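Q: Pasting start16.txt below, which is compact mmCIF, C-alpha atoms and all ligand atoms.
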```
# COMPACT_ATOMS: atom_id res chain seq x y z
CA MET U 113 100.61 80.32 86.51
CA ASN U 114 104.33 80.85 86.67
CA LEU U 115 105.96 80.32 90.03
CA PRO U 116 108.93 82.69 90.50
CA SER U 117 112.11 80.73 91.21
CA ARG U 118 112.75 82.52 94.51
CA ILE U 119 109.33 81.36 95.75
CA GLU U 120 110.08 77.82 94.64
CA CYS U 121 113.43 78.05 96.44
CA ALA U 122 111.83 79.22 99.66
CA VAL U 123 109.24 76.45 99.55
CA ARG U 124 111.86 73.77 98.84
CA ARG U 125 114.00 74.99 101.72
CA ALA U 126 110.98 74.87 103.99
CA VAL U 127 110.21 71.32 102.84
CA ALA U 128 113.78 70.27 103.58
CA THR U 129 113.88 71.78 107.04
CA HIS U 130 110.37 70.86 108.14
CA ASP U 131 109.47 67.90 110.28
CA GLY U 132 106.17 66.58 109.04
CA PRO U 133 103.97 67.90 106.24
CA MET U 134 104.73 71.40 105.08
CA CYS U 135 102.28 74.29 105.06
CA ALA U 136 103.26 77.94 104.77
CA TYR U 137 102.39 81.39 103.56
CA VAL U 138 105.23 82.85 101.53
CA TYR U 139 105.39 86.61 101.10
CA ASP U 140 107.61 88.17 98.46
CA LEU U 141 108.51 91.50 100.04
CA GLY U 142 110.82 92.45 97.16
CA ALA U 143 107.98 92.00 94.67
CA LEU U 144 105.62 93.90 96.96
CA ARG U 145 108.06 96.82 97.17
CA ALA U 146 108.53 96.92 93.39
CA HIS U 147 104.77 96.75 92.78
CA ALA U 148 103.96 99.51 95.30
CA ARG U 149 106.74 101.71 93.90
CA ARG U 150 105.36 101.32 90.41
CA LEU U 151 101.83 102.23 91.48
CA VAL U 152 102.90 105.25 93.50
CA SER U 153 105.32 106.54 90.88
CA THR U 154 102.78 106.37 88.04
CA LEU U 155 99.91 108.12 89.83
CA PRO U 156 99.13 111.62 88.51
CA GLU U 157 99.71 114.72 90.62
CA ARG U 158 97.46 115.27 93.63
CA CYS U 159 96.62 111.54 93.73
CA ARG U 160 97.78 109.63 96.79
CA LEU U 161 97.81 105.92 97.47
CA PHE U 162 97.01 104.59 100.94
CA TYR U 163 96.94 100.92 101.97
CA ALA U 164 93.74 99.46 103.51
CA ILE U 165 95.46 97.19 106.00
CA LYS U 166 92.55 94.82 106.54
CA ALA U 167 93.67 93.09 103.31
CA ASN U 168 96.77 91.87 105.15
CA SER U 169 98.24 93.41 108.28
CA ASP U 170 101.24 91.08 108.57
CA PRO U 171 103.88 93.25 110.31
CA SER U 172 106.50 92.67 107.59
CA ILE U 173 104.04 93.73 104.92
CA LEU U 174 103.08 96.83 106.86
CA ARG U 175 106.74 97.73 107.41
CA THR U 176 107.52 97.20 103.71
CA LEU U 177 104.63 99.40 102.58
CA SER U 178 104.95 102.04 105.30
CA GLY U 179 107.80 103.82 103.53
CA LEU U 180 106.15 103.72 100.11
CA VAL U 181 102.48 104.63 100.42
CA SER U 182 101.03 107.90 101.77
CA GLY U 183 99.57 106.18 104.81
CA PHE U 184 97.26 103.41 106.02
CA GLU U 185 93.49 103.11 106.12
CA VAL U 186 92.31 101.31 109.24
CA ALA U 187 88.88 100.09 110.30
CA SER U 188 89.42 99.46 114.01
CA ILE U 189 91.58 100.79 116.77
CA GLY U 190 93.44 97.47 116.74
CA GLU U 191 94.42 98.17 113.16
CA ALA U 192 95.40 101.73 114.06
CA ARG U 193 97.83 100.31 116.63
CA GLU U 194 99.25 97.83 114.11
CA ALA U 195 99.75 100.73 111.70
CA ARG U 196 101.61 102.79 114.28
CA GLU U 197 103.75 99.80 115.30
CA ALA U 198 104.88 99.47 111.70
CA LYS U 199 105.79 103.16 111.59
CA ALA U 200 105.17 105.60 114.41
CA SER U 201 104.54 108.58 112.15
CA ILE U 202 102.36 106.88 109.52
CA PRO U 203 99.31 108.97 108.51
CA ILE U 204 96.11 107.12 109.36
CA MET U 205 92.61 107.36 107.94
CA PHE U 206 89.99 105.74 110.15
CA GLY U 207 86.88 104.24 108.53
CA GLY U 208 84.41 101.42 108.93
CA PRO U 209 80.94 101.01 110.41
CA GLY U 210 80.22 100.68 114.13
CA LYS U 211 83.05 102.68 115.65
CA THR U 212 82.72 102.71 119.44
CA ASP U 213 83.09 105.81 121.63
CA ASP U 214 86.38 104.45 122.93
CA GLU U 215 87.63 103.92 119.39
CA LEU U 216 86.63 107.43 118.36
CA ALA U 217 88.39 108.90 121.39
CA ALA U 218 91.52 106.80 120.82
CA ALA U 219 91.58 107.73 117.13
CA ILE U 220 91.29 111.44 117.92
CA ARG U 221 94.10 111.11 120.48
CA LEU U 222 96.25 109.27 117.91
CA GLY U 223 95.92 112.30 115.64
CA ILE U 224 94.37 110.54 112.67
CA GLN U 225 94.44 112.35 109.36
CA THR U 226 90.74 111.83 108.66
CA LEU U 227 87.75 110.13 110.22
CA HIS U 228 85.37 108.62 107.69
CA VAL U 229 81.94 109.23 109.13
CA GLU U 230 79.40 106.49 108.45
CA SER U 231 76.17 108.00 109.84
CA LEU U 232 74.61 111.13 111.31
CA HIS U 233 74.71 109.62 114.79
CA GLU U 234 78.39 108.79 114.38
CA LEU U 235 79.09 112.38 113.37
CA ARG U 236 77.29 113.69 116.47
CA ARG U 237 79.21 111.27 118.68
CA ALA U 238 82.54 112.22 117.10
CA GLN U 239 81.80 115.92 117.71
CA TYR U 240 80.74 115.26 121.29
CA ILE U 241 83.87 113.18 122.00
CA ALA U 242 86.15 115.70 120.29
CA ALA U 243 84.62 118.45 122.45
CA ARG U 244 85.33 116.48 125.61
CA LEU U 245 88.93 116.05 124.46
CA ASN U 246 89.08 119.69 123.47
CA GLN U 247 90.08 118.79 119.93
CA GLN U 248 88.89 119.19 116.40
CA VAL U 249 88.38 116.04 114.33
CA PRO U 250 88.97 116.17 110.55
CA VAL U 251 86.16 114.30 108.80
CA LEU U 252 85.17 112.95 105.42
CA LEU U 253 81.52 112.02 104.96
CA ARG U 254 81.23 108.52 103.58
CA VAL U 255 78.45 108.55 101.01
CA ASN U 256 76.52 105.57 99.68
CA ILE U 257 75.74 106.96 96.25
CA ARG U 258 72.61 106.45 94.22
CA GLY U 259 72.94 105.37 90.63
CA ALA U 260 74.60 102.72 88.54
CA LEU U 261 77.97 101.26 89.53
CA PRO U 262 80.47 99.26 87.47
CA THR U 263 80.41 95.46 87.53
CA SER U 264 82.47 94.14 90.43
CA THR U 265 82.48 91.25 92.87
CA LEU U 266 81.35 93.16 95.96
CA ARG U 267 79.22 96.28 96.31
CA MET U 268 79.20 98.57 99.29
CA GLY U 269 77.21 101.37 97.67
CA GLY U 270 74.65 102.09 94.98
CA GLY U 271 71.95 100.27 96.94
CA ALA U 272 70.78 99.35 100.41
CA THR U 273 73.87 98.41 102.46
CA GLN U 274 75.07 99.14 105.99
CA PHE U 275 77.78 101.48 104.66
CA GLY U 276 77.95 105.24 104.60
CA LEU U 277 75.32 107.94 104.59
CA ASP U 278 72.42 107.69 102.19
CA GLU U 279 72.94 110.36 99.59
CA ALA U 280 69.64 111.91 100.67
CA ASP U 281 71.14 112.57 104.13
CA VAL U 282 74.22 114.39 102.82
CA PRO U 283 72.73 117.93 103.17
CA GLU U 284 71.85 117.26 106.81
CA ALA U 285 75.31 115.79 107.49
CA ILE U 286 77.01 118.80 105.93
CA ALA U 287 74.91 121.20 108.00
CA LEU U 288 75.71 119.21 111.13
CA ALA U 289 79.44 119.16 110.37
CA GLN U 290 79.46 122.88 109.67
CA ALA U 291 77.50 123.75 112.80
CA SER U 292 80.18 122.55 115.20
CA PRO U 293 83.77 123.78 115.65
CA GLN U 294 84.60 120.25 116.80
CA SER U 295 84.53 118.80 113.27
CA LEU U 296 86.45 120.01 110.26
CA LEU U 297 84.71 118.82 107.10
CA ARG U 298 87.49 118.18 104.59
CA GLY U 299 85.56 116.32 101.93
CA PHE U 300 83.86 113.09 100.97
CA HIS U 301 84.63 109.40 101.03
CA PHE U 302 83.36 106.87 98.53
CA HIS U 303 84.12 103.16 98.57
CA SER U 304 81.38 101.59 96.51
CA VAL U 305 82.84 98.49 94.87
CA SER U 306 85.49 95.84 95.40
CA ASN U 307 87.30 93.86 92.76
CA ASN U 308 86.57 95.98 89.73
CA LEU U 309 88.74 94.65 86.89
CA ASP U 310 87.92 97.33 84.37
CA ALA U 311 90.14 100.42 84.28
CA ALA U 312 87.83 102.56 82.15
CA SER U 313 84.81 102.05 84.40
CA HIS U 314 86.97 102.77 87.45
CA VAL U 315 88.02 106.10 85.95
CA ALA U 316 84.37 106.84 85.16
CA LEU U 317 83.45 106.05 88.76
CA ILE U 318 86.00 108.54 90.06
CA ARG U 319 84.75 111.15 87.63
CA ASP U 320 81.27 110.56 89.00
CA TYR U 321 82.50 110.91 92.63
CA LEU U 322 84.14 114.23 91.75
CA ARG U 323 81.01 115.50 90.04
CA ARG U 324 78.93 114.78 93.12
CA ALA U 325 81.50 116.32 95.48
CA GLU U 326 81.73 119.42 93.33
CA HIS U 327 77.95 119.78 93.40
CA TRP U 328 77.83 119.60 97.23
CA ALA U 329 80.77 121.99 97.52
CA ARG U 330 79.01 124.53 95.32
CA VAL U 331 75.55 124.21 96.82
CA PHE U 332 76.74 124.30 100.43
CA GLY U 333 79.72 126.64 99.99
CA LEU U 334 82.26 124.08 101.22
CA THR U 335 86.01 124.17 100.94
CA VAL U 336 86.75 120.59 99.93
CA ASP U 337 90.41 119.62 99.87
CA CYS U 338 90.14 115.87 99.72
CA ILE U 339 88.11 113.22 97.95
CA ASN U 340 88.67 109.65 99.01
CA ALA U 341 87.84 107.35 96.10
CA GLY U 342 88.16 104.18 98.20
CA GLY U 343 89.81 100.97 97.09
CA GLY U 344 88.19 98.36 94.90
CA ILE U 345 90.73 97.86 92.15
CA GLY U 346 90.46 94.22 91.24
CA VAL U 347 92.61 91.15 90.87
CA ASN U 348 91.81 88.55 88.25
CA TYR U 349 91.81 85.21 90.04
CA GLY U 350 91.28 83.41 86.76
CA GLY U 351 95.05 83.13 86.67
CA THR U 352 95.89 83.37 83.01
CA GLN U 353 93.62 86.23 81.93
CA GLN U 354 94.39 89.94 81.90
CA GLN U 355 94.90 91.83 85.12
CA PHE U 356 93.53 95.33 85.77
CA ASP U 357 95.14 97.70 83.27
CA TRP U 358 96.89 100.06 85.68
CA LEU U 359 98.55 102.16 82.99
CA ALA U 360 95.24 102.78 81.23
CA PHE U 361 93.76 103.67 84.61
CA VAL U 362 96.40 106.26 85.49
CA GLN U 363 96.18 107.69 81.98
CA GLY U 364 92.42 108.15 82.38
CA LEU U 365 92.95 109.57 85.85
CA LYS U 366 95.44 112.06 84.48
CA GLU U 367 92.79 113.40 82.12
CA VAL U 368 90.41 113.74 85.07
CA VAL U 369 92.82 115.64 87.32
CA GLU U 370 93.97 117.91 84.52
CA GLY U 371 90.43 119.29 84.28
CA LYS U 372 89.65 122.83 85.25
CA GLY U 373 87.93 124.19 88.34
CA PHE U 374 87.03 122.15 91.42
CA VAL U 375 89.41 119.28 90.72
CA GLN U 376 92.45 121.58 90.69
CA ASP U 377 92.21 122.15 94.42
CA VAL U 378 91.53 118.66 95.71
CA SER U 379 93.69 115.66 96.49
CA ILE U 380 92.29 112.35 95.33
CA LEU U 381 93.05 109.60 97.81
CA PHE U 382 92.95 105.89 97.12
CA GLU U 383 92.85 103.28 99.86
CA CYS U 384 93.55 100.03 98.06
CA GLY U 385 93.85 96.72 99.81
CA ARG U 386 93.56 93.82 97.40
CA TYR U 387 95.44 95.37 94.49
CA LEU U 388 98.46 96.26 96.62
CA THR U 389 99.12 92.94 98.34
CA ALA U 390 97.33 90.12 96.47
CA PHE U 391 100.21 89.42 94.09
CA CYS U 392 102.98 89.10 96.71
CA GLY U 393 101.43 86.22 98.66
CA TYR U 394 101.54 82.44 98.14
CA TYR U 395 100.08 79.62 100.17
CA ALA U 396 102.01 76.35 99.96
CA ALA U 397 100.45 73.12 101.19
CA GLU U 398 101.71 69.56 101.02
CA VAL U 399 99.54 66.88 99.46
CA LEU U 400 98.60 64.40 102.20
CA ASP U 401 96.29 62.11 100.26
CA LEU U 402 94.91 61.43 96.79
CA LYS U 403 91.70 59.61 96.15
CA ARG U 404 88.72 59.10 93.93
CA ASN U 405 85.13 59.52 95.00
CA HIS U 406 82.06 59.10 92.80
CA GLY U 407 84.24 59.42 89.73
CA LYS U 408 86.14 62.57 90.75
CA ALA U 409 89.77 62.90 91.83
CA PHE U 410 90.59 64.68 95.07
CA ALA U 411 93.83 65.90 96.60
CA ILE U 412 93.79 66.56 100.34
CA VAL U 413 96.40 69.04 101.53
CA ARG U 414 97.88 69.99 104.87
CA GLY U 415 95.87 73.12 105.72
CA GLY U 416 92.75 74.37 103.97
CA THR U 417 90.26 77.18 103.99
CA HIS U 418 90.84 77.85 107.71
CA HIS U 419 94.17 79.27 106.50
CA CYS U 420 92.95 80.63 103.19
CA ARG U 421 89.22 81.26 103.03
CA LEU U 422 89.30 83.42 99.90
CA PRO U 423 88.40 80.73 97.31
CA ALA U 424 85.59 79.36 99.51
CA SER U 425 84.30 82.83 100.22
CA TRP U 426 84.25 83.81 96.57
CA GLN U 427 83.39 80.36 95.21
CA HIS U 428 86.31 80.29 92.82
CA SER U 429 89.30 78.04 92.22
CA GLN U 430 92.45 79.66 93.54
CA PRO U 431 95.12 79.45 90.83
CA PHE U 432 97.99 77.12 91.79
CA THR U 433 101.20 75.43 90.70
CA VAL U 434 102.12 71.84 91.59
CA LEU U 435 105.68 71.78 92.88
CA PRO U 436 107.06 68.25 92.50
CA VAL U 437 109.01 66.89 95.46
CA ASP U 438 110.91 63.82 94.33
CA SER U 439 112.07 62.35 97.61
CA TRP U 440 109.86 59.60 98.98
CA SER U 441 110.99 57.41 101.85
CA PRO U 442 108.09 55.27 103.17
CA PRO U 443 108.25 51.61 102.03
CA ILE U 444 104.73 51.82 100.56
CA SER U 445 103.55 52.86 97.13
CA ARG U 446 103.30 56.57 96.38
CA PRO U 447 99.83 57.66 95.20
CA GLU U 448 99.81 59.65 91.98
CA ILE U 449 97.31 61.18 89.55
CA ARG U 450 98.21 62.16 85.97
CA GLY U 451 96.48 64.27 83.33
CA GLU U 452 93.18 64.65 85.11
CA ALA U 453 91.01 67.30 86.69
CA ILE U 454 91.42 67.35 90.46
CA THR U 455 89.64 69.06 93.30
CA ILE U 456 91.91 70.30 96.08
CA ALA U 457 90.48 70.11 99.57
CA GLY U 458 91.87 70.86 103.01
CA GLN U 459 91.74 69.05 106.35
CA LEU U 460 88.44 70.44 107.61
CA CYS U 461 85.38 68.25 108.10
CA THR U 462 83.16 70.33 105.87
CA PRO U 463 82.43 70.00 102.14
CA LYS U 464 83.07 73.75 101.87
CA ASP U 465 86.77 73.27 102.53
CA ILE U 466 87.71 73.46 98.84
CA LEU U 467 90.64 75.51 97.53
CA ALA U 468 90.26 74.65 93.83
CA ARG U 469 87.69 72.60 91.97
CA ASP U 470 88.02 70.40 88.85
CA CYS U 471 91.36 71.80 87.72
CA LEU U 472 93.36 69.91 85.12
CA ILE U 473 96.88 68.95 86.23
CA ASP U 474 99.77 67.11 84.54
CA ARG U 475 100.74 65.13 87.58
CA VAL U 476 100.39 65.29 91.34
CA ARG U 477 101.73 62.90 93.95
CA VAL U 478 101.35 62.60 97.69
CA GLY U 479 104.22 64.64 99.09
CA ASP U 480 104.20 67.22 96.28
CA ILE U 481 103.47 70.82 97.25
CA ILE U 482 100.55 72.80 95.88
CA VAL U 483 101.46 76.47 95.77
CA PHE U 484 98.44 78.79 95.50
CA HIS U 485 98.91 82.21 93.93
CA LEU U 486 97.33 85.62 94.55
CA VAL U 487 96.68 85.10 98.26
CA GLY U 488 98.59 88.09 99.65
CA ALA U 489 95.30 89.92 100.24
CA TYR U 490 92.28 88.49 102.07
CA GLY U 491 94.00 85.11 102.44
CA TRP U 492 95.10 84.56 106.03
CA SER U 493 93.45 87.78 107.21
CA ILE U 494 89.84 86.65 106.60
CA SER U 495 90.22 83.02 107.65
CA HIS U 496 88.84 81.17 110.68
CA HIS U 497 92.24 79.99 111.89
CA ASN U 498 91.25 77.90 114.85
CA PHE U 499 88.36 75.93 113.43
CA LEU U 500 89.29 72.27 114.14
CA SER U 501 92.47 73.35 115.99
CA HIS U 502 94.88 72.32 113.30
CA PRO U 503 98.34 73.95 113.40
CA HIS U 504 98.76 77.33 111.79
CA PRO U 505 100.94 77.64 108.68
CA ALA U 506 104.52 78.86 108.81
CA ARG U 507 105.27 82.27 107.39
CA LEU U 508 108.23 82.77 105.08
CA TYR U 509 109.47 86.05 103.70
CA VAL U 510 111.46 86.36 100.52
CA ASP U 511 113.19 89.64 99.95
CA GLU U 512 115.38 90.46 96.97
CA GLY U 513 117.53 87.37 96.99
CA GLU U 514 117.13 86.61 100.65
CA ILE U 515 114.86 84.04 102.16
CA GLU U 516 113.99 84.64 105.74
CA MET U 517 112.77 81.38 107.19
CA ALA U 518 110.84 83.16 109.86
CA LYS U 519 108.72 80.99 112.04
CA VAL U 520 109.23 77.65 110.34
CA GLY U 521 108.62 75.58 113.40
CA VAL U 522 109.00 71.95 114.33
CA SER U 523 106.33 69.86 112.57
CA GLY U 524 104.77 73.03 111.24
CA MET U 525 103.24 73.91 114.59
CA MET U 526 103.16 77.63 114.36
CA ASP U 527 102.22 80.39 116.67
CA GLY U 528 100.04 81.83 113.93
CA THR U 529 99.57 85.56 114.15
CA SER U 530 98.25 87.93 116.72
CA SER U 531 94.69 86.93 116.02
C1 LIG X 601 88.06 97.06 102.42
C2 LIG X 601 88.04 98.50 102.17
C3 LIG X 601 88.98 99.04 101.28
C4 LIG X 601 89.91 98.20 100.47
O1 LIG X 601 89.20 97.56 99.48
P1 LIG X 601 89.94 96.71 98.32
O2 LIG X 601 88.82 96.19 97.53
O3 LIG X 601 90.73 95.67 99.01
O4 LIG X 601 90.81 97.66 97.58
C5 LIG X 601 88.99 100.42 101.14
N1 LIG X 601 88.14 101.21 101.84
C6 LIG X 601 87.22 100.71 102.67
C7 LIG X 601 86.31 101.63 103.39
C8 LIG X 601 87.13 99.34 102.87
O5 LIG X 601 86.21 98.85 103.69
```
Can I see the file as structure tokens?
A:
Amino acid sequence: MNLPSRIECAVRRAVATHDGPMCAYVYDLGALRAHARRLVSTLPERCRLFYAIKANSDPSILRTLSGLVSGFEVASIGEAREAREAKASIPIMFGGPGKTDDELAAAIRLGIQTLHVESLHELRRAQYIAARLNQQVPVLLRVNIRGALPTSTLRMGGGATQFGLDEADVPEAIALAQASPQSLLRGFHFHSVSNNLDAASHVALIRDYLRRAEHWARVFGLTVDCINAGGGIGVNYGGTQQQFDWLAFVQGLKEVVEGKGFVQDVSILFECGRYLTAFCGYYAAEVLDLKRNHGKAFAIVRGGTHHCRLPASWQHSQPFTVLPVDSWSPPISRPEIRGEAITIAGQLCTPKDILARDCLIDRVRVGDIIVFHLVGAYGWSISHHNFLSHPHPARLYVDEGEIEMAKVGVSGMMDGTSS
């Protein structure tokens, strides 16, 4: 994959100013801003884009997105606080299984836009807590739908999972929501798949959500003003192949929202994580060692899956670029591999610490930097940072011509993040 020159610049500057082997996340905030602007500006009317911050809640990323998207989706009260720190007035939708009483109370006090209810018991608790606070809580019922879903990497619905209300329980949930002045039922929430790469099937999925919501609205006499279609738009980690066809998606969506009847009165909300931030993030790691074992070539880098668990979690090779670093000072020979498939491993003492497997490279030397692409979402945020107590990576931010060398510390010993 192509490495943008400003990313290369940032990495080279970090190499030059670092003591010891270099390891850093690089976030391109300018590219993130341009990407988010394009998504928001091409969405049809009555469609709104929110950011699911669990994909990456780095404060600079949240600040960059806070002025562009319609709000943030959070799945814990910790995330709600991070959202409000980025922007005090940001609209918040609160979802996720296993919300505690304290979280429900704090969310109601924060004035969240919607609570995504995951079970009948959670709805009763939310009503009870809202009554104690003398407030009304706006809710969407999260539904785990029955029926076929598009091909995708992860599935949260369409079968037995811990998420949402079984479709069979929807009538009871609606009756419960309507019976109490403490809850205002605004509509339904669906987040059934993650990493769907096919625009046409994603449009069809949304059409299906709307059909179900319209049915419930008609049968139960509901005024539905909002349908949350979740996230789940995919990123192709294969590197060179096609990405999700956003323009085809918004074109299909336009045809859906231009329909008559029910759809004319509802907002369709999206809460994307991966598709918003994946592209803006890079993980750069210096090659510490090269070797051969049982006929295969290995590169060991500073860092590993404790910084970037995504490829291990999904059992894929993270796409990467080898950035050659020509300077070499030690008076010993410099190991090098040319024109061969290599496996890139980290510093952890587990065979699962693999970032890319059997990938053909032109040349790699000890001291070169491997820059992994597409790690702006579910990279650092899902990783087990303190396993083996290695230092955390630096974080660099590139923004329209500027490189902010934030937190490049001596010998790469970083504070890490809040976690
Ligand atoms: C994780 C999550 C999202 C974001 O999913 P992506 O696949 O990253 O777009 C949206 N909604 C809910 C409820 C989630 O749990």
Q: Using all atoms listed in the file, find each residue in chain U having at least one atom no more than 7 Å away from ligand LIG 601 (chain X); report its shortest atom-to-atom pair and that distance in Å (one decimal), rows by chain then rising number, as a Markdown table.
A:
```
| residue | atom | partner | partner_atom | distance |
| --- | --- | --- | --- | --- |
| U:Ala164 | CA | X:LIG601 | C4 | 5.0 |
| U:Lys166 | CA | X:LIG601 | C1 | 6.5 |
| U:Ala167 | CA | X:LIG601 | O3 | 5.8 |
| U:Gly207 | CA | X:LIG601 | C7 | 5.8 |
| U:Gly208 | CA | X:LIG601 | C7 | 5.9 |
| U:His303 | CA | X:LIG601 | C7 | 5.5 |
| U:Val305 | CA | X:LIG601 | O2 | 6.9 |
| U:Ser306 | CA | X:LIG601 | O2 | 4.0 |
| U:Asn307 | CA | X:LIG601 | O2 | 5.5 |
| U:Gly342 | CA | X:LIG601 | N1 | 4.7 |
| U:Gly343 | CA | X:LIG601 | O4 | 3.5 |
| U:Gly344 | CA | X:LIG601 | O2 | 3.5 |
| U:Ile345 | CA | X:LIG601 | O4 | 5.4 |
| U:Gly346 | CA | X:LIG601 | O2 | 6.8 |
| U:Glu383 | CA | X:LIG601 | C5 | 5.0 |
| U:Cys384 | CA | X:LIG601 | O4 | 3.7 |
| U:Gly385 | CA | X:LIG601 | O3 | 3.4 |
| U:Arg386 | CA | X:LIG601 | O3 | 3.7 |
| U:Tyr387 | CA | X:LIG601 | O4 | 6.0 |
```
Q: At a cut-off of 10 Å from (86.0, 102.0, 114.2) in the coordinates of the file, what residues are picked up using all atoms listed in the file, written as a PyMOL selection string?
A: chain U and resi 186-192+206-216+218-219+227-230
Q: Would you list the contacts of Pro423 of chain U as an MDAnalysis selection string, taking every protein, DNA or RNA residue within 10 Å and counting only C-alpha atoms, but skipping same-chain residues closer than 3 positions in sequence?
A: chainID U and resid 349 417 420 426:431 464:469 487 490:491
Q: Excluding Gln459 of chain U and its own-chain neighbours fewer than 4 positions away, which residues fall within 10 Å of it when counting all atoms listed in the file? Please give them as a PyMOL selection string.
A: chain U and resi 400+412-418+465-466+500+502
Q: Which of these, U:Glu120, U:Asp170, U:Glu398, U:Asp470, has the shortest distance to Ile482 of chain U once you count only C-alpha atoms?
A: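 Closest candidate: U:Glu398.
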Q: Nearest to Lys366 of chain U among U:Gly488, U:Pro156, U:Pro442, U:Gly179, with distances taken over all atoms listed in the file: which residue is it?
A: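 Answer, going by the shortest atom-to-atom distance: U:Pro156.
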Q: Nearest residue to Val251 of chain U out of U:Ala198, U:Ile220, U:Val510, U:Leu322, using all atoms listed in the file?
A: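 Residue with the minimum atom-to-atom distance to Val251 of chain U: U:Ile220.
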Q: Using all atoms listed in the file, find the one residue out of U:Ala453, U:Ala128, U:Ala136, U:Val123 that sits nearest to His504 of chain U.
A: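 Distance minimum relative to His504 of chain U lands on U:Ala136.
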Q: Between U:Val478, U:Leu508, U:Ala287, U:Val369, single out the one closest to Ile173 of chain U, counting all atoms listed in the file.
A: U:Leu508
Q: Given the choices U:Leu388, U:Leu245, U:Leu297, U:Leu359, which gets closest to Asp337 of chain U if the distance is worked out from only C-alpha atoms?
A: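 Checking each of U:Leu388, U:Leu245, U:Leu297, U:Leu359 against Asp337 of chain U, counting only C-alpha atoms, the winner is U:Leu297.
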Q: Can you pull out the residues contacting Glu197 of chain U? Cut-off 9 Å, using all atoms listed in the file, and skip same-chain residues under 2 positions away; I want them as a ChimeraX atom specification.
A: /U:171,174-175,192-195,199-200
Q: Those same residues - C-alpha atoms - I'd like them written as a short mmCIF file (atom, residue, chain, number, x, y, z; two decimals), in the coordinates of the input.
A:
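again13.cif, freshly written:
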```cif
data_model
loop_
_atom_site.label_atom_id
_atom_site.label_comp_id
_atom_site.auth_asym_id
_atom_site.auth_seq_id
_atom_site.Cartn_x
_atom_site.Cartn_y
_atom_site.Cartn_z
CA PRO U 171 103.88 93.25 110.31
CA LEU U 174 103.08 96.83 106.86
CA ARG U 175 106.74 97.73 107.41
CA ALA U 192 95.40 101.73 114.06
CA ARG U 193 97.83 100.31 116.63
CA GLU U 194 99.25 97.83 114.11
CA ALA U 195 99.75 100.73 111.70
CA LYS U 199 105.79 103.16 111.59
CA ALA U 200 105.17 105.60 114.41
#
```
Q: Would you work out the distance separating atom CA of Glu157 of chain U from atom CA of Thr335 of chain U, expressed in Å to one decimal?
A: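 Computing it gives 19.6 Å between the two atoms.
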Q: Work out how far atom CA of Arg324 of chain U is from atom CA of Phe302 of chain U, in Å to one decimal.
A: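 One can read the atom CA of Phe302 of chain U to atom CA of Arg324 of chain U distance as 10.6 Å.
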Q: Skip Thr433 of chain U itself and residues of its chain fewer than 3 positions away, then list as a list in words all residues within 7 Å of it, counting all atoms listed in the file.
A: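 After dropping sequence-adjacent residues, the list is Met113, Leu115, Ile482, Val483 and Phe484 of chain U.
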Q: Box in all listed atoms of segment 188-201 of chain U, axis-aligned, with 3 Å more on each side; write out centre and edge lengths in Å to one decimal as lines of an AutoDock Vina configuration file.
A:
```
center_x = 97.6
center_y = 103.0
center_z = 114.2
size_x = 22.4
size_y = 17.1
size_z = 11.2
```
Q: Per residue of segment 234-265 of chain U within 12 Å of segment 325-333 of chain U, record the nearest atom pair and its distance in Å to one decimal, counting all atoms listed in the file, with rows in chain order and ascending residue number, as CSV.
A:
```
residue,atom,partner,partner_atom,distance
U:Leu252,CA,U:Ala325,CA,11.1
U:Leu253,CA,U:Ala325,CA,10.4
U:Arg254,CA,U:Ala325,CA,11.2
U:Val255,CA,U:Ala325,CA,10.0
U:Ile257,CA,U:Ala325,CA,11.0
```
Q: Which protein, DNA or RNA residues are at most 12 Å from (90.7, 115.5, 85.9) in the file's coordinates when you count all atoms listed in the file, listed as a PyMOL selection string?
A: chain U and resi 156-159+315-316+318-323+362-380
Q: Keeping just C-alpha atoms, export segment 114-134 of chain U of this structure as a PDB file, in the first residue's frame.
A:
```pdb
ATOM      1  CA  ASN U 114       1.027   3.569  -0.605  1.00  0.00           C
ATOM      2  CA  LEU U 115       2.407   5.443   2.366  1.00  0.00           C
ATOM      3  CA  PRO U 116       1.475   9.155   2.204  1.00  0.00           C
ATOM      4  CA  SER U 117       4.599  11.321   2.283  1.00  0.00           C
ATOM      5  CA  ARG U 118       3.469  13.248   5.371  1.00  0.00           C
ATOM      6  CA  ILE U 119       3.235   9.951   7.279  1.00  0.00           C
ATOM      7  CA  GLU U 120       6.693   8.965   6.082  1.00  0.00           C
ATOM      8  CA  CYS U 121       7.958  12.391   7.159  1.00  0.00           C
ATOM      9  CA  ALA U 122       6.489  12.041  10.627  1.00  0.00           C
ATOM     10  CA  VAL U 123       7.961   8.571  11.072  1.00  0.00           C
ATOM     11  CA  ARG U 124      11.405   9.686   9.869  1.00  0.00           C
ATOM     12  CA  ARG U 125      11.370  12.630  12.253  1.00  0.00           C
ATOM     13  CA  ALA U 126      10.433  10.318  15.087  1.00  0.00           C
ATOM     14  CA  VAL U 127      13.278   7.956  14.151  1.00  0.00           C
ATOM     15  CA  ALA U 128      15.722  10.854  14.163  1.00  0.00           C
ATOM     16  CA  THR U 129      14.638  12.215  17.520  1.00  0.00           C
ATOM     17  CA  HIS U 130      14.144   8.908  19.308  1.00  0.00           C
ATOM     18  CA  ASP U 131      16.646   7.297  21.612  1.00  0.00           C
ATOM     19  CA  GLY U 132      16.434   3.579  21.079  1.00  0.00           C
ATOM     20  CA  PRO U 133      14.136   1.629  18.771  1.00  0.00           C
ATOM     21  CA  MET U 134      11.163   3.523  17.444  1.00  0.00           C
TER      22      MET U 134
END
```
